[in-house]
Each structure stands twice: as structure tokens, then as C-alpha cells.
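Worksheet: one structure, shown below.
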Amino acid sequence: MRNLLILILITTFMSCGKHVEKKQSTTPTSIVSKSICSDSDTRRLSYDPRVARALGGGGVCTVTMISRNCGISAGHCVNALDLLEFNTGPSQNGRIVNVDVEDTFRVDKGTIVSRNNGIGDDWAVFKVNPSSFDYRPAGDVQGYYGINSPLVRSTFLRIVGYGVDTEPTHHLAQQRGYGYLVKTDGSQLFHNVDTMGGNSGSAIVDNITGRVIGIHSHGGCGSTGTNGGTLIAMNIGLQRAISACVKGDL
């Protein structure tokens, strides 16, 4: 099965759909983020309008809106933070299907604030430009998540993102996975939600409150038994970047 993943990752994907920009690369931008924690992959197709597929610079990552104009992702995903596709559907024969222009937005690259220092400090915060279709902010069109209070109220988590998959219709399409918070250590967050390359940057959501508690960035279930990310409540730099970005948006 893992050999199939390798074959998929080196395949060049042709784009379908109405969007005029069809030459975006679809290679996941990830660092050891290919990790299924369950006995079998438990991710399922999902359609959360607040979560976008990020395409650019030869990579695929995940972006989540957290205000009318602000999004979050992983710091090692910076090169992929260009074109954002919301309201995506299943892939076709393992090839992504580009969305219509009204569901396409672009990251304002000049606003990106990021860190890429491993688990616990791998994050990016940025503004998303208004739609070129009707000039509305992405958060007004697609909606957005709230950020958690300082306390994590539940250990039951969900992650929505655009990971690779051996199932052709699921490959780099939006999928939702569930699991548990295993432990935290300062700003390091460890969980067992199934993820794969392309899930980097996915928001880690407290499934009870529906609010974002962290940003997924690293795999490891095959070796350490957990995947990893950054806990917002314990990372002062990330908190400040979020506050500065969303100021005036909410």
C-alpha cells in the first residue's frame, strides 16, 4: 500500500474544472507528515467550506480561515501559500478538480508571518485577499473558525485537510479525521488523528467546542506513535500573530 502512495506522489496531476489556472503542482509540502495512526485509514471525504486547499510553489497544504480575512497554516508550507481553493469536490482518477473562480482566493504574501522550528513552533498566519469574483472577504463567503480559550476543554479532536490517499477520489481532496489529544508539552501538541502529506497546516479542532486549538505539522505515528503540531494557547508568537491579523476583522 505504501508503494502505491509513492507512485501517486510522483505522478503529475492534470486539472479539471472551470478555473483558468490549471498548472498548479500537486506535490504535498510536508515534512515527515505521512502518518496513519489507526489500523486502517479512517479519514472520510468532507465538505467544510472554511478549509481550503493551498496550491503553489510545487506544493499542496491546508489552510483554515479564522476570521473574515485571516487564515492559518504550517510554517513549512509557506511556498504553497498562494492559490486557495474552497468548496472542493472529490478528485477524478487521482487528479484534483479545480474549483470555479468564485471559490478561488489568493494569499496576500506580504502579510505572512511564520515560524518553521519543528513541532510546537511550526505555523503561519496571513491575510487572504478578497475575491476577484465579487471582492468579498474569504471569511464572509466561506465562514471561519474561532480560536480556543486558553484551556483545552476536550481531548476529542478533528482535523480537516487535503492529504494524499491511495483511493483515487480521495487523493488531495478534502477529508475529515477524528482522534484524541495524546499529550502536550509546552507548545508541542501530540495527537493520533490520521493525517497524510498535504494535511500540513490543518487546524486541530476541539470537536466538542468546535474551536481551533492548534495547527498540525508533523507525522510520526509509524515511529513515535503520535502526530504533532503547535498548541496555540502556549505559543506566544503565534498568539500575537493571530491577534495582529484578526484585529478589526471580528
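Please note that chains go A, B, ... in the order of the C-alpha cells, that every chain numbers its residues from 1, and that ligands are numbered from 1 in the order shown.
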
- Message: What's around segment 221-235 of chain A at 7 Å? Count only C-alpha atoms, leave out sequence neighbours fewer than 6 positions away in its own chain, and write the answer as a count of residues only.
- Response: 18

- Task: Quick one: everything within 6 Å of His216 of chain A, counting only C-alpha atoms, minus sequence neighbours fewer than 5 positions away in the same chain. Send it as a VMD selection string.
- Result: chain A and resid 200 to 202 229

Please produce an output containing C-alpha atoms for each residue in the selection, written as a PDB file, in the first residue's frame.
ATOM      1  CA  SER A 200       0.214  20.069   6.876  1.00  0.00           C
ATOM      2  CA  GLY A 201      -1.311  23.321   8.088  1.00  0.00           C
ATOM      3  CA  SER A 202      -4.650  21.763   9.030  1.00  0.00           C
ATOM      4  CA  GLY A 229       1.585  20.221  15.897  1.00  0.00           C
TER       5      GLY A 229
END

- DSSP on the backbone, then: every residue of segment 3-206 of chain A marked strand (DSSP E or B), written as an NGL selection string. :A and (16 or 28 or 31 or 35 or 44-45 or 51-56 or 59-65 or 70-73 or 83-85 or 92 or 95 or 97 or 104-107 or 113-116 or 122-128 or 147 or 156-161 or 175-185 or 188-191 or 195 or 203-206)

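When only C-alpha atoms are used to measure the gap to Phe156 of chain A, the shortest distance among A:Leu172, A:Val141, A:Leu181, A:Leu45 belongs to A:Leu181.
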
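Among the candidate residues A:Val78, A:Val125, A:Ala173, A:Ile159, the one lying nearest to Val99 of chain A is A:Ala173, with distances computed using only C-alpha atoms.
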
- Query: In Å to one decimal, how far is atom CA of Arg68 of chain A from atom CA of Gly118 of chain A?
  - Reply: 28.3 Å

- Item | Of the listed residues A:Pro168, A:Gly71, A:Gly220, A:Pro90, that which approaches Pro137 of chain A most closely, counting only C-alpha atoms | A:Gly71

Long-range neighbours of Thr209 of chain A as an mmCIF file with C-alpha atoms, in the first residue's frame, 12 Å cut-off, only C-alpha atoms, 4 positions minimum in chain:
data_model
loop_
_atom_site.group_PDB
_atom_site.id
_atom_site.type_symbol
_atom_site.label_atom_id
_atom_site.label_comp_id
_atom_site.auth_asym_id
_atom_site.auth_seq_id
_atom_site.Cartn_x
_atom_site.Cartn_y
_atom_site.Cartn_z
ATOM 1 C CA TYR A 145 -13.412 29.049 12.841
ATOM 2 C CA GLY A 146 -12.960 30.604 16.243
ATOM 3 C CA ILE A 147 -9.763 30.135 18.264
ATOM 4 C CA ASN A 148 -9.950 28.302 21.593
ATOM 5 C CA SER A 149 -9.824 29.771 25.055
ATOM 6 C CA LEU A 151 -7.869 25.789 28.305
ATOM 7 C CA VAL A 152 -8.317 22.719 26.136
ATOM 8 C CA ARG A 153 -11.814 21.537 27.064
ATOM 9 C CA SER A 154 -11.788 18.178 25.329
ATOM 10 C CA THR A 155 -9.319 15.561 24.182
ATOM 11 C CA PHE A 156 -11.577 14.531 21.270
ATOM 12 C CA LEU A 157 -10.186 16.179 18.129
ATOM 13 C CA ARG A 158 -10.935 16.516 14.437
ATOM 14 C CA ILE A 204 -6.548 20.957 15.050
ATOM 15 C CA VAL A 205 -10.102 21.422 16.297
ATOM 16 C CA ILE A 213 -6.660 24.632 19.461
#

Residues within 9 Å of Phe133 of chain A, only C-alpha atoms, excluding chain neighbours under 6 positions, as a PDB file with C-alpha atoms, in the first residue's frame:
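Everything below was put into part.pdb:
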ATOM      1  CA  VAL A 101     -13.423  31.261  -9.835  1.00  0.00           C
ATOM      2  CA  GLU A 102     -15.940  32.258  -7.134  1.00  0.00           C
ATOM      3  CA  ASP A 103     -14.347  29.709  -4.772  1.00  0.00           C
ATOM      4  CA  THR A 104     -10.772  30.765  -5.545  1.00  0.00           C
TER       5      THR A 104
END

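For the choices A:Arg43, A:Lys127, A:His171, A:Lys247, the atom-to-atom distance to Pro28 of chain A is smallest for A:His171 when using only C-alpha atoms.
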
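Comparing A:Asp48, A:Ile66, A:Ser73, A:Thr184 by their smallest distance to Ser243 of chain A, the closest is A:Ile66 (using only C-alpha atoms).
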